[in-house]
$ cat query.cif   # mmCIF, C-alpha atoms
data_run
#
loop_
_atom_site.label_atom_id
_atom_site.label_comp_id
_atom_site.auth_asym_id
_atom_site.auth_seq_id
_atom_site.Cartn_x
_atom_site.Cartn_y
_atom_site.Cartn_z
CA MET A 1 -13.18 15.41 12.94
CA LEU A 2 -13.94 11.70 13.24
CA SER A 3 -13.67 11.11 9.48
CA THR A 4 -10.30 12.89 9.48
CA ALA A 5 -9.12 10.74 12.35
CA ILE A 6 -10.17 7.58 10.53
CA ILE A 7 -8.42 8.49 7.28
CA ILE A 8 -5.13 9.40 8.96
CA PHE A 9 -5.44 6.37 11.23
CA ARG A 10 -5.74 4.11 8.20
CA GLU A 11 -2.65 5.58 6.54
CA VAL A 12 -0.55 5.60 9.70
CA LEU A 13 -1.68 2.10 10.71
CA GLU A 14 -0.15 0.45 7.65
CA ALA A 15 3.22 2.07 8.11
CA ALA A 16 3.11 1.61 11.90
CA LEU A 17 2.40 -2.13 11.64
CA ILE A 18 5.27 -2.60 9.20
CA ILE A 19 7.62 -0.61 11.44
CA GLY A 20 6.43 -2.44 14.56
CA ILE A 21 7.00 -5.88 13.05
CA LEU A 22 10.41 -4.97 11.65
CA ALA A 23 11.51 -3.24 14.84
CA ALA A 24 10.73 -6.47 16.68
CA ALA A 25 12.33 -8.70 14.06
CA THR A 26 15.61 -6.77 14.09
CA ARG A 27 15.79 -5.82 17.76
CA ASN A 28 18.98 -7.80 18.33
CA ILE A 29 20.82 -6.43 15.34
CA SER A 30 23.20 -3.68 16.36
CA GLY A 31 22.38 -0.29 14.91
CA SER A 32 18.93 -1.33 13.72
CA ARG A 33 17.20 1.34 15.82
CA ARG A 34 19.22 4.12 14.24
CA TRP A 35 18.42 2.91 10.74
CA LEU A 36 14.79 2.54 11.60
CA VAL A 37 14.55 6.15 12.79
CA ALA A 38 16.52 7.30 9.75
CA GLY A 39 14.04 5.40 7.55
CA VAL A 40 11.06 7.10 9.17
CA ILE A 41 12.58 10.58 8.83
CA THR A 42 13.66 10.03 5.22
CA GLY A 43 10.22 8.60 4.45
CA LEU A 44 8.52 11.66 5.93
CA VAL A 45 10.68 14.07 3.94
CA GLY A 46 10.12 11.96 0.83
CA SER A 47 6.37 11.86 1.30
CA ALA A 48 6.19 15.66 1.36
CA MET A 49 8.16 15.69 -1.88
CA VAL A 50 5.96 13.02 -3.48
CA ALA A 51 2.83 14.85 -2.36
CA ALA A 52 4.12 18.09 -3.86
CA SER A 53 4.75 16.42 -7.20
CA THR A 54 1.54 14.37 -7.39
CA ASP A 55 0.39 16.00 -10.60
CA VAL A 56 3.81 15.50 -12.23
CA ILE A 57 3.95 11.82 -11.20
CA SER A 58 0.37 11.27 -12.35
CA SER A 59 0.95 12.69 -15.79
CA PHE A 60 3.89 10.34 -16.47
CA ALA A 61 3.31 7.50 -18.92
CA ASP A 62 -0.03 8.73 -20.28
CA GLY A 63 -1.63 9.26 -16.90
CA ILE A 64 -0.66 5.99 -15.25
CA GLY A 65 2.48 7.35 -13.57
CA GLN A 66 0.93 7.12 -10.11
CA GLU A 67 0.14 3.42 -10.55
CA LEU A 68 3.64 2.75 -11.87
CA PHE A 69 5.18 4.67 -8.99
CA ASN A 70 3.15 2.77 -6.39
CA ALA A 71 3.82 -0.58 -8.03
CA MET A 72 7.53 0.17 -8.13
CA VAL A 73 7.70 1.29 -4.49
CA LEU A 74 5.78 -1.84 -3.49
CA GLY A 75 7.96 -4.02 -5.72
CA ILE A 76 11.15 -2.76 -4.09
CA ALA A 77 9.62 -3.25 -0.63
CA VAL A 78 8.66 -6.84 -1.50
CA PHE A 79 12.22 -7.63 -2.55
CA MET A 80 13.69 -6.00 0.52
CA LEU A 81 11.30 -7.87 2.81
CA ALA A 82 12.10 -11.11 0.99
CA TRP A 83 15.81 -10.46 1.37
CA HIS A 84 15.36 -9.57 5.03
CA ASN A 85 13.47 -12.78 5.74
CA ILE A 86 15.93 -14.98 3.87
CA TRP A 87 18.82 -13.28 5.67
CA MET A 88 17.11 -13.80 9.01
CA SER A 89 16.60 -17.49 8.20
CA SER A 90 20.34 -18.01 8.01
CA HIS A 91 21.49 -15.56 10.71
CA GLY A 92 18.46 -14.58 12.70
CA LYS A 93 18.20 -17.60 14.96
CA VAL A 94 21.69 -17.01 16.25
CA LEU A 95 20.97 -13.32 16.71
CA ALA A 96 17.67 -13.93 18.43
CA MET A 97 19.12 -16.46 20.86
CA SER A 98 22.13 -14.46 21.99
CA ALA A 99 21.78 -10.98 23.35
CA SER A 100 25.23 -10.03 22.17
CA THR A 101 26.11 -10.08 18.50
CA MET A 102 29.30 -11.63 17.23
CA GLY A 103 31.83 -9.61 15.29
CA ASN A 104 31.15 -11.51 12.12
CA ASP A 105 27.46 -10.81 12.26
CA ILE A 106 27.86 -7.09 12.80
CA ARG A 107 29.44 -6.65 9.42
CA GLU A 108 26.66 -8.61 7.74
CA GLY A 109 24.12 -6.91 9.93
CA ARG A 110 25.08 -3.64 8.32
CA SER A 111 23.67 -4.60 4.93
CA GLU A 112 20.63 -5.95 6.73
CA THR A 113 20.06 -2.61 8.45
CA SER A 114 20.18 -0.75 5.17
CA ALA A 115 17.42 -3.06 3.90
CA LEU A 116 15.53 -2.12 7.05
CA PHE A 117 16.09 1.56 6.27
CA LEU A 118 14.66 1.12 2.76
CA ILE A 119 11.61 -0.90 3.83
CA VAL A 120 10.65 1.55 6.57
CA GLY A 121 11.39 4.57 4.38
CA LEU A 122 9.23 3.26 1.54
CA ALA A 123 6.36 2.34 3.86
CA VAL A 124 6.34 5.83 5.37
CA LEU A 125 6.72 7.39 1.93
CA ARG A 126 3.68 5.63 0.49
CA GLU A 127 1.30 6.16 3.37
CA GLY A 128 2.75 9.54 4.31
CA SER A 129 2.28 11.17 0.92
CA GLU A 130 -1.44 10.39 1.00
CA SER A 131 -1.75 11.84 4.48
CA VAL A 132 0.13 14.97 3.43
CA LEU A 133 -2.20 15.48 0.45
CA PHE A 134 -5.26 14.94 2.58
CA LEU A 135 -4.10 17.36 5.26
CA TYR A 136 -3.10 19.87 2.59
CA GLY A 137 -6.65 19.68 1.26
CA ILE A 138 -8.01 20.49 4.71
CA ALA A 139 -5.58 23.33 5.26
CA ALA A 140 -6.35 24.81 1.84
CA SER A 141 -10.12 24.55 2.08
CA GLU A 142 -12.27 27.50 3.04
CA ALA A 143 -14.47 25.50 5.35
CA GLY A 144 -14.37 26.17 9.08
CA GLY A 145 -13.49 23.65 11.76
CA LYS A 146 -9.96 23.34 10.46
CA SER A 147 -8.40 22.97 13.88
CA ALA A 148 -10.90 20.27 14.84
CA MET A 149 -9.98 18.34 11.71
CA LEU A 150 -6.27 18.73 12.31
CA LEU A 151 -6.83 17.56 15.87
CA GLY A 152 -8.68 14.58 14.42
CA GLY A 153 -5.74 13.87 12.14
CA LEU A 154 -3.33 14.02 15.04
CA SER A 155 -5.38 11.65 17.19
CA GLY A 156 -5.73 9.27 14.23
CA ALA A 157 -1.97 9.28 13.81
CA LEU A 158 -1.40 8.66 17.51
CA ILE A 159 -3.82 5.74 17.64
CA GLY A 160 -2.24 4.25 14.52
CA ALA A 161 1.23 4.57 16.04
CA ALA A 162 -0.06 3.02 19.27
CA VAL A 163 -1.30 -0.06 17.40
CA GLY A 164 2.12 -0.34 15.72
CA TYR A 165 3.78 -0.13 19.11
CA GLY A 166 1.30 -2.69 20.41
CA ILE A 167 2.32 -5.30 17.86
CA TYR A 168 5.99 -4.56 18.63
CA ALA A 169 5.46 -4.90 22.37
CA GLY A 170 3.48 -8.10 21.86
CA LEU A 171 6.12 -9.66 19.64
CA VAL A 172 9.10 -8.90 21.87
CA ARG A 173 7.31 -10.51 24.81
CA LEU A 174 7.04 -13.80 22.96
CA PRO A 175 9.29 -16.63 24.15
CA VAL A 176 12.45 -16.86 22.01
CA ARG A 177 11.49 -20.08 20.27
CA TRP A 178 8.20 -18.58 19.01
CA PHE A 179 9.53 -15.11 18.42
CA PHE A 180 11.58 -16.04 15.39
CA SER A 181 8.81 -17.98 13.62
CA ALA A 182 6.22 -15.34 14.47
CA THR A 183 8.21 -12.40 13.10
CA SER A 184 9.29 -14.24 9.95
CA ALA A 185 5.72 -15.39 9.29
CA LEU A 186 4.48 -11.80 9.67
CA VAL A 187 7.20 -10.41 7.39
CA LEU A 188 6.45 -13.14 4.83
CA LEU A 189 2.75 -12.23 4.81
CA LEU A 190 3.58 -8.51 4.60
CA ALA A 191 5.70 -9.18 1.53
CA ALA A 192 2.97 -11.27 -0.11
CA SER A 193 0.29 -8.67 0.59
CA MET A 194 2.49 -5.94 -0.89
CA ALA A 195 3.01 -8.08 -3.99
CA SER A 196 -0.76 -8.36 -4.27
CA GLN A 197 -1.11 -4.57 -3.90
CA ALA A 198 1.51 -4.04 -6.60
CA ALA A 199 -0.54 -6.27 -8.91
CA HIS A 200 -3.61 -4.22 -8.00
CA PHE A 201 -1.93 -1.03 -9.24
CA LEU A 202 -0.67 -2.67 -12.44
CA ILE A 203 -4.20 -3.89 -13.17
CA GLN A 204 -5.57 -0.41 -12.49
CA ALA A 205 -3.01 0.97 -14.96
CA ASP A 206 -4.23 -1.60 -17.50
CA LEU A 207 -0.76 -3.15 -17.72
CA LEU A 208 -1.82 -6.52 -16.36
CA PRO A 209 -4.99 -8.48 -17.02
CA SER A 210 -7.13 -8.85 -13.92
CA LEU A 211 -7.91 -12.52 -14.68
CA ALA A 212 -11.06 -13.05 -12.63
CA ALA A 213 -12.36 -9.77 -11.19
CA PRO A 214 -13.51 -9.98 -8.55
CA LEU A 215 -12.35 -13.43 -7.58
CA TRP A 216 -14.69 -13.26 -4.60
CA ASP A 217 -16.80 -10.66 -2.85
CA THR A 218 -16.68 -10.74 0.93
CA SER A 219 -17.56 -7.07 1.38
CA THR A 220 -20.72 -7.87 3.33
CA ALA A 221 -19.10 -10.48 5.58
CA LEU A 222 -15.94 -8.48 6.28
CA PRO A 223 -15.79 -4.96 4.82
CA GLU A 224 -12.32 -3.44 4.46
CA GLN A 225 -13.47 -0.28 6.19
CA THR A 226 -13.91 -1.99 9.55
CA ALA A 227 -11.06 -2.13 12.05
CA LEU A 228 -10.61 -5.87 11.56
CA GLY A 229 -10.74 -5.51 7.78
CA MET A 230 -8.09 -2.78 7.87
CA LEU A 231 -5.84 -4.80 10.16
CA LEU A 232 -6.14 -7.91 8.02
CA HIS A 233 -5.60 -5.86 4.88
CA THR A 234 -2.19 -4.74 6.10
CA LEU A 235 -1.12 -7.89 7.90
CA VAL A 236 -2.21 -10.62 5.51
CA GLY A 237 -3.28 -8.62 2.43
CA TYR A 238 -7.00 -9.13 2.89
CA ASP A 239 -9.03 -7.72 0.00
CA SER A 240 -12.81 -7.93 -0.19
CA HIS A 241 -12.83 -7.82 -4.01
CA PRO A 242 -9.49 -9.17 -5.19
CA ALA A 243 -8.60 -9.75 -8.82
CA GLY A 244 -7.34 -13.20 -9.76
CA MET A 245 -3.99 -11.69 -10.72
CA GLN A 246 -3.55 -10.35 -7.18
CA LEU A 247 -3.83 -13.87 -5.82
CA VAL A 248 -1.30 -15.09 -8.39
CA PHE A 249 1.19 -12.44 -7.17
CA TYR A 250 0.39 -13.17 -3.53
CA VAL A 251 0.91 -16.93 -3.81
CA THR A 252 3.98 -16.57 -6.04
CA ALA A 253 5.64 -14.25 -3.50
CA LEU A 254 4.75 -16.63 -0.65
CA ILE A 255 6.23 -19.62 -2.43
CA ILE A 256 9.43 -17.96 -3.70
CA ILE A 257 10.28 -16.36 -0.35
CA SER A 258 9.47 -19.56 1.54
CA ILE A 259 11.79 -21.56 -0.70
CA GLY A 260 14.53 -18.96 -0.19
CA MET A 261 14.06 -19.10 3.57
CA TYR A 262 14.10 -22.89 3.55
CA LEU A 263 17.30 -23.05 1.52
CA ALA A 264 18.99 -20.40 3.66
CA SER A 265 18.12 -22.06 6.97
CA ASN A 266 19.41 -25.41 5.76
CA LYS A 267 22.73 -23.95 4.68
CA LYS A 268 24.07 -22.22 7.73
CA THR A 269 27.49 -21.79 6.17
CA TRP A 270 26.00 -20.37 3.01
CA GLY A 271 28.15 -17.69 1.42
CA LYS A 272 31.18 -18.30 3.59
CA MET B 1 11.59 -6.49 -9.37
CA LYS B 2 13.15 -7.96 -12.49
CA TYR B 3 9.98 -9.58 -13.72
CA LEU B 4 8.00 -6.53 -12.72
CA LEU B 5 10.16 -4.41 -14.99
CA LEU B 6 9.86 -7.01 -17.69
CA ILE B 7 6.10 -6.76 -17.54
CA LEU B 8 6.33 -2.98 -17.80
CA LEU B 9 8.56 -3.20 -20.84
CA LEU B 10 6.32 -5.63 -22.68
CA PRO B 11 3.86 -4.01 -25.02
CA SER B 12 0.52 -4.35 -23.31
CA PRO B 13 -1.96 -6.16 -25.52
CA THR B 14 -4.88 -4.46 -23.85
CA ALA B 15 -3.53 -0.91 -24.17
CA VAL B 16 -4.11 -0.74 -27.90
CA ALA B 17 -7.82 -1.43 -27.68
CA ASP B 18 -9.60 1.90 -27.53
CA GLU B 19 -12.00 1.83 -24.65
CA GLU B 20 -14.94 4.14 -24.44
CA VAL B 21 -14.13 7.24 -22.39
CA TYR B 22 -16.43 8.56 -19.68
CA THR B 23 -15.76 11.89 -18.04
CA LEU B 24 -16.29 12.46 -14.35
CA LEU B 25 -15.99 15.96 -12.92
CA ILE B 26 -15.06 16.78 -9.36
CA LYS B 27 -16.38 20.17 -8.38
CA ASP B 28 -16.99 21.59 -4.90
CA HIS B 29 -16.09 18.11 -3.55
CA ARG B 30 -18.94 16.50 -5.49
CA PHE B 31 -18.95 14.15 -8.47
CA GLN B 32 -20.69 15.23 -11.64
CA PRO B 33 -22.46 13.16 -12.74
CA ALA B 34 -22.95 11.24 -9.51
CA GLU B 35 -24.31 8.33 -11.52
CA ILE B 36 -22.60 6.87 -14.58
CA THR B 37 -24.14 4.08 -16.62
CA ILE B 38 -21.72 1.90 -18.56
CA PRO B 39 -22.16 -1.30 -20.55
CA ALA B 40 -21.54 -4.49 -18.59
CA GLY B 41 -18.73 -6.77 -19.73
CA LYS B 42 -16.68 -3.97 -21.27
CA LYS B 43 -13.59 -2.16 -20.09
CA ILE B 44 -13.97 1.61 -20.01
CA ARG B 45 -11.71 4.55 -19.38
CA LEU B 46 -12.86 6.99 -16.73
CA LEU B 47 -11.37 10.43 -17.21
CA VAL B 48 -11.55 12.15 -13.84
CA ASP B 49 -11.30 15.92 -14.06
CA ASN B 50 -10.70 17.48 -10.67
CA GLN B 51 -11.65 21.14 -10.93
CA ASP B 52 -11.23 21.78 -7.23
CA PRO B 53 -7.95 23.30 -6.08
CA THR B 54 -7.53 20.50 -3.52
CA PRO B 55 -6.51 16.88 -4.19
CA GLU B 56 -9.06 14.09 -4.03
CA GLU B 57 -8.73 10.34 -3.78
CA PHE B 58 -11.05 8.36 -6.01
CA GLU B 59 -11.73 5.21 -4.04
CA SER B 60 -13.97 2.22 -4.52
CA HIS B 61 -13.64 -1.11 -2.80
CA SER B 62 -16.24 -2.72 -5.06
CA LEU B 63 -14.36 -1.57 -8.16
CA ASN B 64 -11.02 -2.31 -6.50
CA ARG B 65 -9.70 1.10 -7.48
CA GLU B 66 -7.90 3.92 -5.66
CA LYS B 67 -6.21 6.90 -7.21
CA ILE B 68 -5.26 10.36 -6.08
CA ILE B 69 -6.29 13.15 -8.42
CA ALA B 70 -4.26 16.29 -7.80
CA GLY B 71 -6.09 19.60 -7.56
CA LYS B 72 -6.91 21.23 -10.93
CA SER B 73 -5.82 18.17 -12.88
CA LYS B 74 -7.12 15.24 -14.90
CA SER B 75 -6.38 11.56 -14.55
CA THR B 76 -7.36 8.27 -16.12
CA ILE B 77 -8.75 5.22 -14.32
CA TYR B 78 -9.45 1.98 -16.17
CA ILE B 79 -12.60 0.24 -15.00
CA GLY B 80 -14.08 -3.15 -15.72
CA PRO B 81 -15.08 -5.28 -17.47
CA LEU B 82 -17.85 -5.41 -14.87
CA THR B 83 -20.75 -7.76 -14.37
CA ALA B 84 -24.11 -5.97 -14.26
CA GLY B 85 -24.71 -4.20 -10.98
CA ARG B 86 -24.15 -1.06 -8.94
CA TYR B 87 -20.64 -0.07 -7.89
CA GLY B 88 -20.31 2.76 -5.39
CA PHE B 89 -17.31 5.06 -5.33
CA GLU B 90 -16.31 8.01 -3.20
CA GLY B 91 -13.84 10.80 -2.86
CA GLU B 92 -12.07 9.62 0.26
CA PHE B 93 -10.80 13.07 1.22
CA ASN B 94 -14.33 14.51 1.18
CA ALA B 95 -16.48 11.45 1.67
CA LYS B 96 -19.37 13.45 3.13
CA THR B 97 -20.19 15.04 -0.22
CA ALA B 98 -18.18 13.16 -2.81
CA GLN B 99 -20.30 10.07 -3.45
CA GLY B 100 -21.09 8.40 -6.73
CA VAL B 101 -22.11 5.16 -8.33
CA ILE B 102 -21.30 3.32 -11.54
CA ILE B 103 -24.13 1.26 -12.94
CA ALA B 104 -23.13 -1.54 -15.28
CA GLN B 105 -25.96 -2.93 -17.37
#
$ encode --input "query.cif" --output "structure tokens"
Amino acid sequence: MLSTAIIIFREVLEAALIIGILAAATRNISGSRRWLVAGVITGLVGSAMVAASTDVISSFADGIGQELFNAMVLGIAVFMLAWHNIWMSSHGKVLAMSASTMGNDIREGRSETSALFLIVGLAVLREGSESVLFLYGIAASEAGGKSAMLLGGLSGALIGAAVGYGIYAGLVRLPVRWFFSATSALVLLLAASMASQAAHFLIQADLLPSLAAPLWDTSTALPEQTALGMLLHTLVGYDSHPAGMQLVFYVTALIIISIGMYLASNKKTWGK
Amino acid sequence: MKYLLLILLLPSPTAVADEEVYTLLIKDHRFQPAEITIPAGKKIRLLVDNQDPTPEEFESHSLNREKIIAGKSKSTIYIGPLTAGRYGFEGEFNAKTAQGVIIAQ
């Protein structure tokens, strides 16, 4: 039961942290809640579909379909997160400062909320499909103790969701002047860590060279299986055995998005 | 996304090299063989054949690999080149029994 709880916790945690951070970052954008919920529901439906077609996806492209699929989902998420952060750099400060949104911003906020929908949907899709497969395995197995394991899964999911809510609650309690920098820094790091994960899948598929592998080995100092390791893995992309190429993707994403944010915040009238 | 797609469209220089293939069975939530010896410094192709009806996730932090193998199906995982040493892996969905190690020498 405990092992089940841990596995589901790990899957739910990643999605929950992403949702928590984005829910906080977009709390002043009208309609963001609705899109967030829609993203979660669509992601859940999608993950059942992905789980059901695992063997089909895997057999694509000479057996590397799963890696391509994951890299693509992560790639889209990185671009959406980048876009979100750059958009927030030009509009977010205004939104964060004033409780009411201006008419002009609502229209633009609409495209922002659809980015939110996609990011949340993809996060749930990726983590959810693994959970569905795992739970399917339990349900299909002959072994006893099924209900205990399902109970474990449920408690793992609840604890994961609670941590996600925790980061949301923590962020929205921040003073306004820190809130904006804190959420954009977190979203920036999320995007970079997803870029690194995308590189990880492309290396696994043998489509990218690993460069140095591993670049370092910190598995004894901070194993990824520990709570802190898991948290850092999702939040800042911590990897105990990263490939050099992962770091290249990570740093590239950090730099490109930062430049975009810098340019956007210095051109308030940009696009008008 | 654009450059990601570009990378995918480029012919991969490493894909043409034919790596040695090692077969790993999953049966009754156990790996067979549980120990695989491969040459150090060489990339290999691990053909994972899941004969169980349930899916399994091949996972190894030391190898930096994770892949779901659907029930009753086969899948390929590229591994290495590795420096000499022992690299543990497990079936995450059945970690109690599904344990294995790759030895590079």
$ closest_residue --input "query.cif" --among "B:Ile68, B:Ile44, B:Ala98, B:Leu82" --to "Asp206 (chain A)" --atoms "only C-alpha atoms"
B:Ile44
$ closest_residue --input "query.cif" --among "A:Ile6, A:Ser258, A:Ile21, A:Leu13" --to "Phe179 (chain A)" --atoms "all atoms listed in the file"
A:Ile21
$ resolve_selection --input "query.cif" --expression "the PyMOL selection byres ((chain A and resi 33) around 12)" --output "number ranges by chain"
A: 19-20, 22-32, 34-40, 110, 113-114, 116-117, 120
$ atom_distance --input "query.cif" --atom1 "CA of Ile26 (chain B)" --atom2 "CA of Phe201 (chain A)"
22.1 Å
$ resolve_selection --input "query.cif" --expression "the PyMOL selection byres ((chain B and resi 65) around 9)" --output "JSON list (two decimals) with C-alpha atoms, keeping the file's coordinate frame"
[["chain", "number", "residue", "atom", "x", "y", "z"],
["A", 200, "HIS", "CA", -3.61, -4.22, -8.00],
["A", 201, "PHE", "CA", -1.93, -1.03, -9.24],
["A", 204, "GLN", "CA", -5.57, -0.41, -12.49],
["B", 58, "PHE", "CA", -11.05, 8.36, -6.01],
["B", 59, "GLU", "CA", -11.73, 5.21, -4.04],
["B", 60, "SER", "CA", -13.97, 2.22, -4.52],
["B", 61, "HIS", "CA", -13.64, -1.11, -2.80],
["B", 62, "SER", "CA", -16.24, -2.72, -5.06],
["B", 63, "LEU", "CA", -14.36, -1.57, -8.16],
["B", 64, "ASN", "CA", -11.02, -2.31, -6.50],
["B", 66, "GLU", "CA", -7.90, 3.92, -5.66],
["B", 67, "LYS", "CA", -6.21, 6.90, -7.21],
["B", 77, "ILE", "CA", -8.75, 5.22, -14.32],
["B", 78, "TYR", "CA", -9.45, 1.98, -16.17],
["B", 79, "ILE", "CA", -12.60, 0.24, -15.00],
["B", 89, "PHE", "CA", -17.31, 5.06, -5.33]]
$ atom_distance --input "query.cif" --atom1 "CA of Tyr87 (chain B)" --atom2 "CA of Ile69 (chain B)"
19.5 Å
$ interface_residues --input "query.cif" --of "chain A" --to "chain B" --cutoff "7 Å" --atoms "only C-alpha atoms" --output "NGL selection string"
:A and (54-55 or 63 or 75-76 or 79 or 133-134 or 137 or 140 or 204-207 or 241)
$ write_last_selection --input "query.cif" --atoms "C-alpha atoms" --output "PDB file, in the frame of the given file"
ATOM      1  CA  THR A  54       1.540  14.370  -7.390  1.00  0.00           C
ATOM      2  CA  ASP A  55       0.390  16.000 -10.600  1.00  0.00           C
ATOM      3  CA  GLY A  63      -1.630   9.260 -16.900  1.00  0.00           C
ATOM      4  CA  GLY A  75       7.960  -4.020  -5.720  1.00  0.00           C
ATOM      5  CA  ILE A  76      11.150  -2.760  -4.090  1.00  0.00           C
ATOM      6  CA  PHE A  79      12.220  -7.630  -2.550  1.00  0.00           C
ATOM      7  CA  LEU A 133      -2.200  15.480   0.450  1.00  0.00           C
ATOM      8  CA  PHE A 134      -5.260  14.940   2.580  1.00  0.00           C
ATOM      9  CA  GLY A 137      -6.650  19.680   1.260  1.00  0.00           C
ATOM     10  CA  ALA A 140      -6.350  24.810   1.840  1.00  0.00           C
ATOM     11  CA  GLN A 204      -5.570  -0.410 -12.490  1.00  0.00           C
ATOM     12  CA  ALA A 205      -3.010   0.970 -14.960  1.00  0.00           C
ATOM     13  CA  ASP A 206      -4.230  -1.600 -17.500  1.00  0.00           C
ATOM     14  CA  LEU A 207      -0.760  -3.150 -17.720  1.00  0.00           C
ATOM     15  CA  HIS A 241     -12.830  -7.820  -4.010  1.00  0.00           C
TER      16      HIS A 241
END
$ atom_distance --input "query.cif" --atom1 "CA of Ser131 (chain A)" --atom2 "CA of Val50 (chain A)"
11.1 Å
$ axis_aligned_box --input "query.cif" --around "region 87-99 of chain B" --padding-each-side "3 Å" --output "JSON"
{"center_x": -15.7, "center_y": 7.5, "center_z": -2.4, "size_x": 15.8, "size_y": 21.1, "size_z": 17.0}
